[in-house]
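Coordinates as given in structure-v8.cif (mmCIF, C-alpha atoms):
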data_work
loop_
_atom_site.group_PDB
_atom_site.id
_atom_site.type_symbol
_atom_site.label_atom_id
_atom_site.label_comp_id
_atom_site.auth_asym_id
_atom_site.auth_seq_id
_atom_site.Cartn_x
_atom_site.Cartn_y
_atom_site.Cartn_z
ATOM 1 C CA MET A 1 76.161 93.424 80.674
ATOM 2 C CA LEU A 2 75.451 89.772 81.307
ATOM 3 C CA LYS A 3 73.995 87.514 78.673
ATOM 4 C CA LYS A 4 70.519 86.318 79.450
ATOM 5 C CA GLU A 5 71.455 82.653 79.742
ATOM 6 C CA GLU A 6 74.197 83.510 82.224
ATOM 7 C CA THR A 7 72.002 85.349 84.648
ATOM 8 C CA VAL A 8 70.302 82.459 86.432
ATOM 9 C CA LEU A 9 72.741 80.540 88.547
ATOM 10 C CA PHE A 10 70.543 77.592 89.500
ATOM 11 C CA LYS A 11 70.058 76.668 85.845
ATOM 12 C CA LYS A 12 73.763 76.794 85.138
ATOM 13 C CA HIS A 13 74.671 74.617 88.102
ATOM 14 C CA ASN A 14 71.576 72.394 88.025
ATOM 15 C CA ILE A 15 70.454 73.544 91.444
ATOM 16 C CA GLU A 16 66.861 72.433 91.433
ATOM 17 C CA ASN A 17 65.491 74.137 94.499
ATOM 18 C CA TYR A 18 64.933 77.875 94.053
ATOM 19 C CA SER A 19 65.235 78.541 97.761
ATOM 20 C CA LYS A 20 68.980 77.791 97.722
ATOM 21 C CA ILE A 21 70.383 80.727 95.790
ATOM 22 C CA LYS A 22 69.748 82.701 92.621
ATOM 23 C CA ILE A 23 71.712 85.486 90.977
ATOM 24 C CA GLU A 24 70.335 87.643 88.197
ATOM 25 C CA GLU A 25 70.944 91.025 86.682
ATOM 26 C CA ILE A 26 68.030 93.430 86.947
ATOM 27 C CA GLN A 27 67.726 95.625 83.892
ATOM 28 C CA ASN A 28 65.629 98.586 82.757
ATOM 29 C CA ILE A 29 65.589 100.415 86.060
ATOM 30 C CA LYS A 30 66.056 104.157 86.176
ATOM 31 C CA LYS A 31 68.690 105.309 88.650
ATOM 32 C CA ILE A 32 69.096 108.953 89.580
ATOM 33 C CA ASN A 33 71.690 110.404 91.883
ATOM 34 C CA LEU A 34 70.297 113.322 93.840
ATOM 35 C CA ARG A 35 72.336 115.787 95.881
ATOM 36 C CA PHE A 36 71.202 118.858 97.751
ATOM 37 C CA ASP A 37 71.788 120.719 100.981
ATOM 38 C CA PRO A 38 69.886 118.749 103.668
ATOM 39 C CA ASN A 39 69.414 121.913 105.746
ATOM 40 C CA SER A 40 67.343 123.525 102.997
ATOM 41 C CA LYS A 41 63.688 122.900 103.888
ATOM 42 C CA GLU A 42 62.600 124.369 100.572
ATOM 43 C CA LEU A 43 64.597 121.919 98.463
ATOM 44 C CA LYS A 44 63.479 119.056 100.691
ATOM 45 C CA SER A 45 59.807 119.923 100.275
ATOM 46 C CA ILE A 46 60.150 120.370 96.481
ATOM 47 C CA THR A 47 61.816 116.965 96.160
ATOM 48 C CA SER A 48 59.308 115.195 98.390
ATOM 49 C CA LYS A 49 56.458 116.790 96.438
ATOM 50 C CA ILE A 50 57.742 115.652 93.035
ATOM 51 C CA LEU A 51 58.755 112.185 94.158
ATOM 52 C CA ASP A 52 55.849 111.751 96.577
ATOM 53 C CA ILE A 53 58.094 109.853 98.994
ATOM 54 C CA ILE A 54 59.696 111.011 102.228
ATOM 55 C CA ILE A 55 63.428 111.457 101.756
ATOM 56 C CA PRO A 56 65.279 109.242 104.254
ATOM 57 C CA THR A 57 67.526 111.088 106.680
ATOM 58 C CA ILE A 58 68.479 108.097 108.828
ATOM 59 C CA PRO A 59 71.802 106.666 107.607
ATOM 60 C CA ASN A 60 71.719 103.338 105.759
ATOM 61 C CA THR A 61 67.964 103.227 105.227
ATOM 62 C CA TYR A 62 65.648 103.685 102.274
ATOM 63 C CA SER A 63 62.054 104.724 101.776
ATOM 64 C CA GLU A 64 59.795 103.018 99.276
ATOM 65 C CA LYS A 65 56.529 103.650 97.529
ATOM 66 C CA GLU A 66 55.117 101.348 94.881
ATOM 67 C CA LYS A 67 57.903 100.949 92.297
ATOM 68 C CA GLN A 68 60.143 103.747 93.564
ATOM 69 C CA LYS A 69 62.839 103.768 96.213
ATOM 70 C CA ILE A 70 64.962 106.540 97.660
ATOM 71 C CA ILE A 71 68.178 105.196 99.144
ATOM 72 C CA TRP A 72 70.338 107.140 101.616
ATOM 73 C CA LEU A 73 73.916 107.437 100.347
ATOM 74 C CA GLY A 74 75.136 110.267 102.549
ATOM 75 C CA PRO A 75 73.770 113.205 104.534
ATOM 76 C CA ASN A 76 73.363 115.191 101.299
ATOM 77 C CA GLU A 77 73.168 112.407 98.731
ATOM 78 C CA TRP A 78 70.456 109.946 97.714
ATOM 79 C CA LEU A 79 69.856 107.375 94.986
ATOM 80 C CA ILE A 80 66.411 107.233 93.401
ATOM 81 C CA ILE A 81 65.360 103.912 91.884
ATOM 82 C CA ASP A 82 62.412 103.782 89.559
ATOM 83 C CA SER A 83 61.402 100.348 88.236
ATOM 84 C CA GLU A 84 58.717 101.743 85.967
ATOM 85 C CA GLU A 85 60.990 104.442 84.502
ATOM 86 C CA LYS A 86 58.227 107.027 84.950
ATOM 87 C CA LEU A 87 60.252 109.524 86.941
ATOM 88 C CA ASP A 88 61.028 112.695 85.017
ATOM 89 C CA ASP A 89 64.556 113.717 86.035
ATOM 90 C CA ASP A 90 64.385 116.862 83.865
ATOM 91 C CA LEU A 91 61.404 118.089 85.879
ATOM 92 C CA LEU A 92 63.255 117.385 89.113
ATOM 93 C CA ASN A 93 66.331 119.170 87.817
ATOM 94 C CA LYS A 94 64.367 122.254 86.745
ATOM 95 C CA SER A 95 62.384 122.376 89.978
ATOM 96 C CA LEU A 96 65.458 122.224 92.194
ATOM 97 C CA GLY A 97 67.244 124.866 90.143
ATOM 98 C CA ASP A 98 70.924 125.594 90.421
ATOM 99 C CA GLU A 99 70.864 126.231 94.151
ATOM 100 C CA ASN A 100 73.161 123.727 95.801
ATOM 101 C CA ALA A 101 71.451 120.794 94.127
ATOM 102 C CA SER A 102 72.265 118.294 91.400
ATOM 103 C CA VAL A 103 70.289 115.599 89.597
ATOM 104 C CA THR A 104 72.319 113.059 87.625
ATOM 105 C CA ASN A 105 70.929 110.151 85.661
ATOM 106 C CA ILE A 106 73.275 107.213 86.312
ATOM 107 C CA SER A 107 71.097 104.479 84.776
ATOM 108 C CA GLU A 108 73.741 103.605 82.200
ATOM 109 C CA SER A 109 76.735 103.505 84.534
ATOM 110 C CA LYS A 110 75.258 101.420 87.353
ATOM 111 C CA THR A 111 73.593 98.052 87.268
ATOM 112 C CA ILE A 112 71.931 95.741 89.774
ATOM 113 C CA LEU A 113 72.757 92.151 90.623
ATOM 114 C CA ARG A 114 69.967 90.555 92.632
ATOM 115 C CA ILE A 115 70.856 87.657 94.927
ATOM 116 C CA SER A 116 68.097 85.713 96.587
ATOM 117 C CA GLY A 117 67.881 82.548 98.597
ATOM 118 C CA LYS A 118 68.472 81.233 102.081
ATOM 119 C CA LYS A 119 72.265 81.112 101.645
ATOM 120 C CA THR A 120 72.570 84.739 100.467
ATOM 121 C CA PHE A 121 74.329 85.997 103.588
ATOM 122 C CA SER A 122 76.645 82.962 103.665
ATOM 123 C CA LEU A 123 77.694 83.664 100.088
ATOM 124 C CA LEU A 124 78.185 87.422 100.490
ATOM 125 C CA SER A 125 79.987 87.175 103.818
ATOM 126 C CA LYS A 126 82.827 85.322 102.068
ATOM 127 C CA PHE A 127 83.815 88.537 100.309
ATOM 128 C CA LEU A 128 82.726 91.334 102.634
ATOM 129 C CA VAL A 129 84.261 92.878 105.738
ATOM 130 C CA LEU A 130 80.831 93.606 107.123
ATOM 131 C CA ASP A 131 78.511 92.028 109.643
ATOM 132 C CA LEU A 132 75.523 91.396 107.373
ATOM 133 C CA GLU A 133 73.318 90.054 110.165
ATOM 134 C CA LYS A 134 73.751 93.388 111.950
ATOM 135 C CA ASN A 135 73.816 95.859 109.056
ATOM 136 C CA LEU A 136 71.120 94.247 106.903
ATOM 137 C CA SER A 137 69.090 92.712 109.712
ATOM 138 C CA ASN A 138 65.726 93.565 108.152
ATOM 139 C CA ASP A 139 64.186 95.139 105.073
ATOM 140 C CA HIS A 140 64.438 98.874 104.392
ATOM 141 C CA LEU A 141 68.118 98.782 105.272
ATOM 142 C CA CYS A 142 70.984 99.425 102.899
ATOM 143 C CA VAL A 143 74.743 99.599 103.285
ATOM 144 C CA GLN A 144 77.655 100.867 101.236
ATOM 145 C CA THR A 145 80.825 98.849 101.470
ATOM 146 C CA ILE A 146 83.671 97.314 99.514
ATOM 147 C CA PHE A 147 83.564 93.950 97.714
ATOM 148 C CA LEU A 148 87.150 92.854 97.035
ATOM 149 C CA LYS A 149 88.208 96.448 96.258
ATOM 150 C CA VAL A 150 85.012 97.235 94.314
ATOM 151 C CA PRO A 151 82.700 99.805 95.916
ATOM 152 C CA ILE A 152 79.153 98.455 96.146
ATOM 153 C CA LEU A 153 75.784 99.327 97.600
ATOM 154 C CA LEU A 154 73.737 96.549 99.182
ATOM 155 C CA VAL A 155 69.991 96.964 99.551
ATOM 156 C CA ARG A 156 67.817 94.455 101.349
ATOM 157 C CA ASN A 157 64.419 94.027 99.750
ATOM 158 C CA LYS A 158 61.235 92.896 101.412
ATOM 159 C CA ASN A 159 61.169 89.230 102.375
ATOM 160 C CA PHE A 160 58.892 86.859 100.544
ATOM 161 C CA ASP A 161 58.466 83.385 102.058
ATOM 162 C CA ASN A 162 61.451 84.051 104.381
ATOM 163 C CA ILE A 163 63.797 84.236 101.404
ATOM 164 C CA ILE A 164 66.430 86.960 101.743
ATOM 165 C CA GLU A 165 66.749 89.154 98.666
ATOM 166 C CA ILE A 166 69.662 91.553 98.268
ATOM 167 C CA ASP A 167 70.257 94.002 95.437
ATOM 168 C CA ILE A 168 73.901 94.835 94.736
ATOM 169 C CA PHE A 169 74.402 98.168 92.975
ATOM 170 C CA ILE A 170 77.690 98.215 91.108
ATOM 171 C CA ASN A 171 79.397 99.941 88.223
ATOM 172 C CA ARG A 172 78.505 98.253 84.959
ATOM 173 C CA SER A 173 82.182 97.654 84.222
ATOM 174 C CA HIS A 174 82.530 95.554 87.402
ATOM 175 C CA VAL A 175 79.494 93.330 86.940
ATOM 176 C CA ASN A 176 81.209 90.395 85.224
ATOM 177 C CA TYR A 177 84.030 90.419 87.768
ATOM 178 C CA ILE A 178 81.639 90.277 90.702
ATOM 179 C CA TYR A 179 79.322 87.787 89.027
ATOM 180 C CA ASN A 180 82.180 85.346 88.352
ATOM 181 C CA ILE A 181 83.471 85.682 91.911
ATOM 182 C CA LEU A 182 79.998 85.028 93.314
ATOM 183 C CA ILE A 183 79.676 81.898 91.178
ATOM 184 C CA ASP A 184 83.044 80.688 92.434
ATOM 185 C CA GLY A 185 81.831 81.371 95.968
ATOM 186 C CA THR A 186 78.775 79.143 95.556
ATOM 187 C CA LYS A 187 80.849 76.078 94.741
ATOM 188 C CA ASN A 188 81.668 75.169 98.323
ATOM 189 C CA LEU A 189 78.527 76.443 99.988
ATOM 190 C CA ASP A 190 76.893 73.644 101.948
ATOM 191 C CA PHE A 191 73.741 73.009 99.957
ATOM 192 C CA MET B 1 93.410 96.200 110.667
ATOM 193 C CA PHE B 2 91.076 97.963 113.046
ATOM 194 C CA LEU B 3 87.527 99.279 113.290
ATOM 195 C CA ILE B 4 86.587 102.928 112.874
ATOM 196 C CA ASN B 5 83.314 104.325 114.124
ATOM 197 C CA CYS B 6 82.064 106.496 111.245
ATOM 198 C CA PRO B 7 79.913 109.353 112.614
ATOM 199 C CA TYR B 8 77.206 108.466 110.057
ATOM 200 C CA CYS B 9 77.462 104.762 109.225
ATOM 201 C CA GLY B 10 78.679 103.354 112.538
ATOM 202 C CA GLU B 11 81.452 100.855 113.155
ATOM 203 C CA ARG B 12 83.162 99.686 109.968
ATOM 204 C CA ASP B 13 86.382 98.002 108.947
ATOM 205 C CA GLN B 14 89.411 100.216 108.323
ATOM 206 C CA ILE B 15 89.730 99.143 104.654
ATOM 207 C CA GLU B 16 86.559 101.110 103.860
ATOM 208 C CA PHE B 17 88.351 104.318 104.912
ATOM 209 C CA THR B 18 91.134 106.509 103.566
ATOM 210 C CA CYS B 19 93.468 108.446 105.809
ATOM 211 C CA GLY B 20 93.766 112.089 104.779
ATOM 212 C CA GLY B 21 96.831 112.884 106.856
ATOM 213 C CA GLU B 22 97.334 115.334 109.658
ATOM 214 C CA ALA B 23 94.360 117.426 110.790
ATOM 215 C CA HIS B 24 94.100 121.081 111.805
ATOM 216 C CA ILE B 25 96.606 122.473 109.317
ATOM 217 C CA ILE B 26 95.565 126.062 108.741
ATOM 218 C CA ARG B 27 96.062 127.658 105.336
ATOM 219 C CA PRO B 28 98.054 130.892 105.607
ATOM 220 C CA LYS B 29 95.925 134.010 105.100
ATOM 221 C CA ASN B 30 98.296 135.692 102.668
ATOM 222 C CA PRO B 31 100.277 133.077 100.734
ATOM 223 C CA PRO B 32 102.112 135.678 98.579
ATOM 224 C CA ASP B 33 103.665 137.153 101.749
ATOM 225 C CA LEU B 34 105.272 133.837 102.692
ATOM 226 C CA SER B 35 108.811 132.809 101.904
ATOM 227 C CA ASP B 36 109.408 129.635 99.894
ATOM 228 C CA ASP B 37 110.421 127.802 103.058
ATOM 229 C CA GLN B 38 107.250 128.831 104.896
ATOM 230 C CA TRP B 39 105.067 127.850 101.941
ATOM 231 C CA ALA B 40 106.852 124.497 101.583
ATOM 232 C CA ASP B 41 106.430 123.984 105.318
ATOM 233 C CA TYR B 42 102.668 124.515 104.991
ATOM 234 C CA LEU B 43 102.359 122.320 101.912
ATOM 235 C CA PHE B 44 104.607 119.373 102.648
ATOM 236 C CA MET B 45 105.860 119.163 106.211
ATOM 237 C CA ARG B 46 103.738 116.818 108.321
ATOM 238 C CA LYS B 47 104.209 115.304 111.748
ATOM 239 C CA ASN B 48 104.716 111.570 111.971
ATOM 240 C CA ILE B 49 104.267 111.000 115.659
ATOM 241 C CA LYS B 50 104.630 107.687 117.396
ATOM 242 C CA GLY B 51 101.812 108.217 119.834
ATOM 243 C CA VAL B 52 98.646 110.280 119.818
ATOM 244 C CA GLN B 53 98.061 112.014 116.491
ATOM 245 C CA PHE B 54 95.197 114.137 115.133
ATOM 246 C CA GLU B 55 94.185 112.912 111.677
ATOM 247 C CA ARG B 56 91.564 113.421 108.991
ATOM 248 C CA TRP B 57 89.805 110.315 107.679
ATOM 249 C CA ASN B 58 87.334 109.803 104.858
ATOM 250 C CA HIS B 59 84.760 107.017 104.638
ATOM 251 C CA SER B 60 85.626 106.613 100.956
ATOM 252 C CA ASN B 61 83.760 103.344 100.422
ATOM 253 C CA GLY B 62 80.746 104.350 102.452
ATOM 254 C CA CYS B 63 79.118 107.717 102.980
ATOM 255 C CA ARG B 64 82.168 109.618 101.574
ATOM 256 C CA ARG B 65 82.199 112.024 104.553
ATOM 257 C CA TRP B 66 85.315 113.503 106.133
ATOM 258 C CA PHE B 67 85.831 113.520 109.902
ATOM 259 C CA ASN B 68 88.622 113.905 112.443
ATOM 260 C CA VAL B 69 90.158 111.076 114.438
ATOM 261 C CA VAL B 70 92.495 111.131 117.429
ATOM 262 C CA ARG B 71 94.530 107.951 117.050
ATOM 263 C CA ASN B 72 97.472 106.416 118.826
ATOM 264 C CA THR B 73 99.700 105.475 115.902
ATOM 265 C CA ALA B 74 101.624 102.922 117.970
ATOM 266 C CA THR B 75 98.615 100.869 119.024
ATOM 267 C CA ASP B 76 95.927 101.989 116.517
ATOM 268 C CA GLU B 77 93.753 102.822 119.505
ATOM 269 C CA ILE B 78 91.149 105.407 118.471
ATOM 270 C CA ILE B 79 90.748 107.862 121.310
ATOM 271 C CA LYS B 80 88.184 110.224 119.851
ATOM 272 C CA ILE B 81 86.209 110.883 116.658
ATOM 273 C CA TYR B 82 84.786 114.347 115.995
ATOM 274 C CA ASN B 83 83.335 116.281 113.074
ATOM 275 C CA MET B 84 85.178 118.508 110.644
ATOM 276 C CA GLY B 85 85.264 122.127 111.750
ATOM 277 C CA GLU B 86 85.394 121.286 115.444
ATOM 278 C CA SER B 87 88.477 122.356 117.380
ATOM 279 C CA SER B 88 90.914 119.665 118.464
ATOM 280 C CA PRO B 89 90.117 118.125 121.860
ATOM 281 C CA THR B 90 92.624 118.119 124.686
ATOM 282 C CA ILE B 91 93.975 114.633 125.151
ATOM 283 C CA LYS B 92 95.714 113.850 128.409
ATOM 284 C CA GLY B 93 98.659 111.516 128.455
ATOM 285 C CA ASN B 94 100.069 112.270 125.025
ATOM 286 C CA GLU B 95 102.802 109.741 125.661
ATOM 287 C CA PRO B 96 103.865 107.166 123.124
ATOM 288 C CA LYS B 97 102.870 103.735 124.301
ATOM 289 C CA THR B 98 103.299 100.379 122.704
ATOM 290 C CA PRO B 99 101.383 97.163 123.266
ATOM 291 C CA SER B 100 104.425 95.395 124.659
ATOM 292 C CA GLY B 101 105.356 98.258 126.966
ATOM 293 C CA GLU B 102 108.800 98.501 125.482
ATOM 294 C CA PRO B 103 111.198 101.138 126.855
ATOM 295 C CA LYS B 104 111.463 104.511 125.172
ATOM 296 C CA ILE B 105 115.125 104.129 124.362
ATOM 297 C CA GLY B 106 115.704 101.675 121.557
ATOM 298 C CA SER B 107 112.077 101.562 120.472
ATOM 299 C CA GLY B 108 112.260 104.566 118.170
ATOM 300 C CA ASN B 109 110.399 106.731 120.662
ATOM 301 C CA ILE B 110 113.376 109.015 121.138
ATOM 302 C CA SER B 111 115.284 110.304 118.160
ATOM 303 C CA THR B 112 119.015 110.085 118.563
ATOM 304 C CA THR B 113 121.794 111.658 116.532
ATOM 305 C CA PHE B 114 125.170 110.155 115.906
ATOM 306 C CA GLU B 115 128.287 112.160 115.327
ATOM 307 C CA LYS B 116 130.693 111.020 112.672
ATOM 308 C CA LYS B 117 134.180 110.413 113.962
#

Here is a file; write its structure as structure tokens.
Amino acid sequence: MLKKEETVLFKKHNIENYSKIKIEEIQNIKKINLRFDPNSKELKSITSKILDIIIPTIPNTYSEKEKQKIIWLGPNEWLIIDSEEKLDDDLLNKSLGDENASVTNISESKTILRISGKKTFSLLSKFLVLDLEKNLSNDHLCVQTIFLKVPILLVRNKNFDNIIEIDIFINRSHVNYIYNILIDGTKNLDF
Amino acid sequence: MFLINCPYCGERDQIEFTCGGEAHIIRPKNPPDLSDDQWADYLFMRKNIKGVQFERWNHSNGCRRWFNVVRNTATDEIIKIYNMGESSPTIKGNEPKTPSGEPKIGSGNISTTFEKK
């Protein structure tokens, strides 16, 4: 986990304008991995009823309602994000039963690095083998890829004041590695 | 390095994928009836064709789905991608070809044996 004073890049590097770039770790967010057979209408309806959000079936998209997000990870796998930590995963687990479904709380193993600013794509594209302009062209899109051998999930949040905001979901053990690489990457960005 | 069109995620770089070896290898129905050679043949013996090969690939750093790929191993040209469980498509012109159009003899396309004198 990052120390608090290390989380804000523009303070560390005396970058005065917020719109350039900012990296911070987002904490206290509940993350639940959900898997079930997508052909089962019953399981789908139970899940949608409890979560009160439509489960995304289009690859590399997510659905959102208030403080909750459901992110597509695969045809039978989703990641539920709950900023308010209100979601009861035990209830979801009991409701789905043992029939080809699993609910796993991965809040402790995964963390989120949030990058925002106009140079976000320029910074990330240094380390990715992905066309960000194509794959994360607008909000409600997400993409799973590899960041210098580390598997990551990128989620594009809603734009505020035309500032791109990307959440990087990574294993907690990789966060310092990625954070240090991102800081190195900012050094020769054309500010 | 080449691009692979994942059936779910779309076109992605090859480093996101893992090759799972030859496709369409059928598990014997009664393994205890097989001889050691037949069982070893099923377990270990794989083709290593210079030319069109049927392979299994996994999008290991993406959606983690398995799928089949028909790939020319000499040029990395991907001829067809199809789902697991589907039968192998018929591919015409299963000839080894190389980008430089080199002749078969001397390019490793024909295996030759040498007798010891």

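Between atom CA of Leu3 of chain B and atom CA of Glu133 of chain A the separation is 17.2 Å.
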
With all atoms listed in the file as the counted atoms, please give the residues lying no more than 10 Å from Arg12 of chain B, apart from itself and same-chain residues fewer than 6 positions off, as a short mmCIF file (atom, residue, chain, number, x, y, z; two decimals) with C-alpha atoms, in the frame of the given file.
data_model
loop_
_atom_site.label_atom_id
_atom_site.label_comp_id
_atom_site.auth_asym_id
_atom_site.auth_seq_id
_atom_site.Cartn_x
_atom_site.Cartn_y
_atom_site.Cartn_z
CA VAL A 129 84.26 92.88 105.74
CA LEU A 130 80.83 93.61 107.12
CA ASP A 131 78.51 92.03 109.64
CA THR A 145 80.82 98.85 101.47
CA PHE B 2 91.08 97.96 113.05
CA LEU B 3 87.53 99.28 113.29
CA ILE B 4 86.59 102.93 112.87
CA ASN B 5 83.31 104.32 114.12
CA CYS B 6 82.06 106.50 111.24
CA HIS B 59 84.76 107.02 104.64
CA GLY B 62 80.75 104.35 102.45
#

Tell me as a PDB file with C-alpha atoms, in the coordinates of the input which residues belonging to chain B come within 7 Å of chain A, counting all atoms listed in the file.
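The resulting result_24.pdb:
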ATOM      1  CA  TYR B   8      77.206 108.466 110.057  1.00  0.00           C
ATOM      2  CA  CYS B   9      77.462 104.762 109.225  1.00  0.00           C
ATOM      3  CA  ASP B  13      86.382  98.002 108.947  1.00  0.00           C
ATOM      4  CA  GLU B  16      86.559 101.110 103.860  1.00  0.00           C
ATOM      5  CA  ASN B  61      83.760 103.344 100.422  1.00  0.00           C
ATOM      6  CA  GLY B  62      80.746 104.350 102.452  1.00  0.00           C
ATOM      7  CA  CYS B  63      79.118 107.717 102.980  1.00  0.00           C
TER       8      CYS B  63
END

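The residue that comes closest to Leu182 of chain A, out of A:Asn138, A:Thr120, A:Asn39, A:Gly97 and on the basis of only C-alpha atoms, is A:Thr120.
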
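Look at segment 78-83 of chain B: the protein and nucleic acid residues within 8 Å of it, using all atoms listed in the file and passing over chain neighbours fewer than 2 places away, are B:Ile4, B:Asn5, B:Pro7, B:Trp66, B:Phe67, B:Asn68, B:Val69, B:Val70, B:Arg71, B:Asn72, B:Asp76, B:Gly85, B:Glu86.
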
Among A:Lys69, A:Arg35, A:Lys86, A:Lys126, Arg156 of chain A is approached most closely, using all atoms listed in the file, by A:Lys69

What lies within 6 Å of segment 101-115 of chain A using all atoms listed in the file, ignoring chain neighbours under 2 positions off, as a list in words? Lys22, Ile23, Glu24, Glu25, Ile26, Lys30, Lys31, Ile32, Asn33, Leu34, Arg35, Phe36, Asn93, Glu99, Glu165, Ile166, Asp167, Ile168, Phe169, Ile170, Asn171 and Arg172 of chain A

Please enumerate the residues selected by the PyMOL selection byres ((chain A and resi 21) around 6) when evaluated against the supplied file, formatted as a list of chain:residue names. A:Ser19, A:Lys20, A:Lys22, A:Ser116, A:Gly117

Selection in question (the file shown): the PyMOL selection byres ((chain A and resi 122) around 10). Which residues does it include, as an NGL selection string? :A and (118-121 or 123-127 or 132 or 185-186 or 189-190)

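The space separating atom CA of Arg56 of chain B from atom CA of Ser88 of chain B comes to 11.4 Å.
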
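Shortest separation to Met45 of chain B among B:Arg65, B:Glu22, B:Pro32, B:Gly10 occurs at residue B:Glu22, atoms counted being only C-alpha atoms.
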
Quick one: residues within 8 Å of Thr73 of chain B, all atoms listed in the file, excluding same-chain residues fewer than 5 positions away - as a PyMOL selection string? chain B and resi 49-53

The PyMOL selection byres ((chain B and resi 25) around 12) applied to the shown file, residues as a PyMOL selection string: chain B and resi 20-24+26-28+41-47+54-56+85+87-88

Given the block above, output segment 19-78 of chain A with C-alpha atoms as a PDB file, in the first residue's frame.
ATOM      1  CA  SER A  19      -4.960  19.267 -15.394  1.00  0.00           C
ATOM      2  CA  LYS A  20      -1.523  17.860 -16.286  1.00  0.00           C
ATOM      3  CA  ILE A  21      -1.501  14.541 -14.471  1.00  0.00           C
ATOM      4  CA  LYS A  22      -2.307  13.071 -11.074  1.00  0.00           C
ATOM      5  CA  ILE A  23      -1.821   9.588  -9.680  1.00  0.00           C
ATOM      6  CA  GLU A  24      -3.419   8.387  -6.474  1.00  0.00           C
ATOM      7  CA  GLU A  25      -4.378   5.145  -4.838  1.00  0.00           C
ATOM      8  CA  ILE A  26      -8.089   4.726  -4.206  1.00  0.00           C
ATOM      9  CA  GLN A  27      -8.775   2.897  -0.976  1.00  0.00           C
ATOM     10  CA  ASN A  28     -11.785   1.497   0.876  1.00  0.00           C
ATOM     11  CA  ILE A  29     -13.602   0.152  -2.149  1.00  0.00           C
ATOM     12  CA  LYS A  30     -15.265  -3.233  -2.029  1.00  0.00           C
ATOM     13  CA  LYS A  31     -14.356  -5.504  -4.927  1.00  0.00           C
ATOM     14  CA  ILE A  32     -16.214  -8.733  -5.590  1.00  0.00           C
ATOM     15  CA  ASN A  33     -15.457 -11.242  -8.287  1.00  0.00           C
ATOM     16  CA  LEU A  34     -18.625 -12.832  -9.598  1.00  0.00           C
ATOM     17  CA  ARG A  35     -18.798 -15.903 -11.820  1.00  0.00           C
ATOM     18  CA  PHE A  36     -21.819 -17.767 -13.092  1.00  0.00           C
ATOM     19  CA  ASP A  37     -23.128 -19.483 -16.187  1.00  0.00           C
ATOM     20  CA  PRO A  38     -24.256 -16.663 -18.532  1.00  0.00           C
ATOM     21  CA  ASN A  39     -26.843 -18.954 -20.148  1.00  0.00           C
ATOM     22  CA  SER A  40     -28.715 -19.320 -16.862  1.00  0.00           C
ATOM     23  CA  LYS A  41     -31.547 -16.766 -16.941  1.00  0.00           C
ATOM     24  CA  GLU A  42     -32.413 -17.573 -13.343  1.00  0.00           C
ATOM     25  CA  LEU A  43     -28.971 -16.710 -11.983  1.00  0.00           C
ATOM     26  CA  LYS A  44     -28.874 -13.591 -14.145  1.00  0.00           C
ATOM     27  CA  SER A  45     -32.205 -12.345 -12.818  1.00  0.00           C
ATOM     28  CA  ILE A  46     -31.249 -13.097  -9.180  1.00  0.00           C
ATOM     29  CA  THR A  47     -27.995 -11.163  -9.562  1.00  0.00           C
ATOM     30  CA  SER A  48     -29.609  -8.206 -11.306  1.00  0.00           C
ATOM     31  CA  LYS A  49     -32.296  -8.093  -8.614  1.00  0.00           C
ATOM     32  CA  ILE A  50     -29.822  -8.007  -5.716  1.00  0.00           C
ATOM     33  CA  LEU A  51     -27.411  -5.595  -7.352  1.00  0.00           C
ATOM     34  CA  ASP A  52     -30.111  -3.532  -9.066  1.00  0.00           C
ATOM     35  CA  ILE A  53     -27.863  -3.038 -12.098  1.00  0.00           C
ATOM     36  CA  ILE A  54     -27.976  -4.716 -15.495  1.00  0.00           C
ATOM     37  CA  ILE A  55     -25.088  -7.140 -15.856  1.00  0.00           C
ATOM     38  CA  PRO A  56     -23.006  -6.163 -18.904  1.00  0.00           C
ATOM     39  CA  THR A  57     -22.772  -8.809 -21.603  1.00  0.00           C
ATOM     40  CA  ILE A  58     -20.915  -6.711 -24.176  1.00  0.00           C
ATOM     41  CA  PRO A  59     -17.166  -7.377 -23.888  1.00  0.00           C
ATOM     42  CA  ASN A  60     -14.996  -4.636 -22.380  1.00  0.00           C
ATOM     43  CA  THR A  61     -17.839  -2.531 -21.011  1.00  0.00           C
ATOM     44  CA  TYR A  62     -19.240  -1.806 -17.575  1.00  0.00           C
ATOM     45  CA  SER A  63     -22.581  -0.749 -16.171  1.00  0.00           C
ATOM     46  CA  GLU A  64     -22.882   1.781 -13.384  1.00  0.00           C
ATOM     47  CA  LYS A  65     -25.436   2.937 -10.882  1.00  0.00           C
ATOM     48  CA  GLU A  66     -24.697   5.501  -8.201  1.00  0.00           C
ATOM     49  CA  LYS A  67     -21.607   4.192  -6.375  1.00  0.00           C
ATOM     50  CA  GLN A  68     -21.609   0.693  -7.863  1.00  0.00           C
ATOM     51  CA  LYS A  69     -20.086  -0.655 -11.049  1.00  0.00           C
ATOM     52  CA  ILE A  70     -20.212  -4.058 -12.688  1.00  0.00           C
ATOM     53  CA  ILE A  71     -17.252  -4.603 -14.987  1.00  0.00           C
ATOM     54  CA  TRP A  72     -17.151  -7.281 -17.703  1.00  0.00           C
ATOM     55  CA  LEU A  73     -14.115  -9.537 -17.269  1.00  0.00           C
ATOM     56  CA  GLY A  74     -15.185 -12.461 -19.426  1.00  0.00           C
ATOM     57  CA  PRO A  75     -18.348 -14.082 -20.768  1.00  0.00           C
ATOM     58  CA  ASN A  76     -18.962 -15.688 -17.360  1.00  0.00           C
ATOM     59  CA  GLU A  77     -17.000 -13.378 -15.080  1.00  0.00           C
ATOM     60  CA  TRP A  78     -17.620  -9.894 -13.695  1.00  0.00           C
TER      61      TRP A  78
END
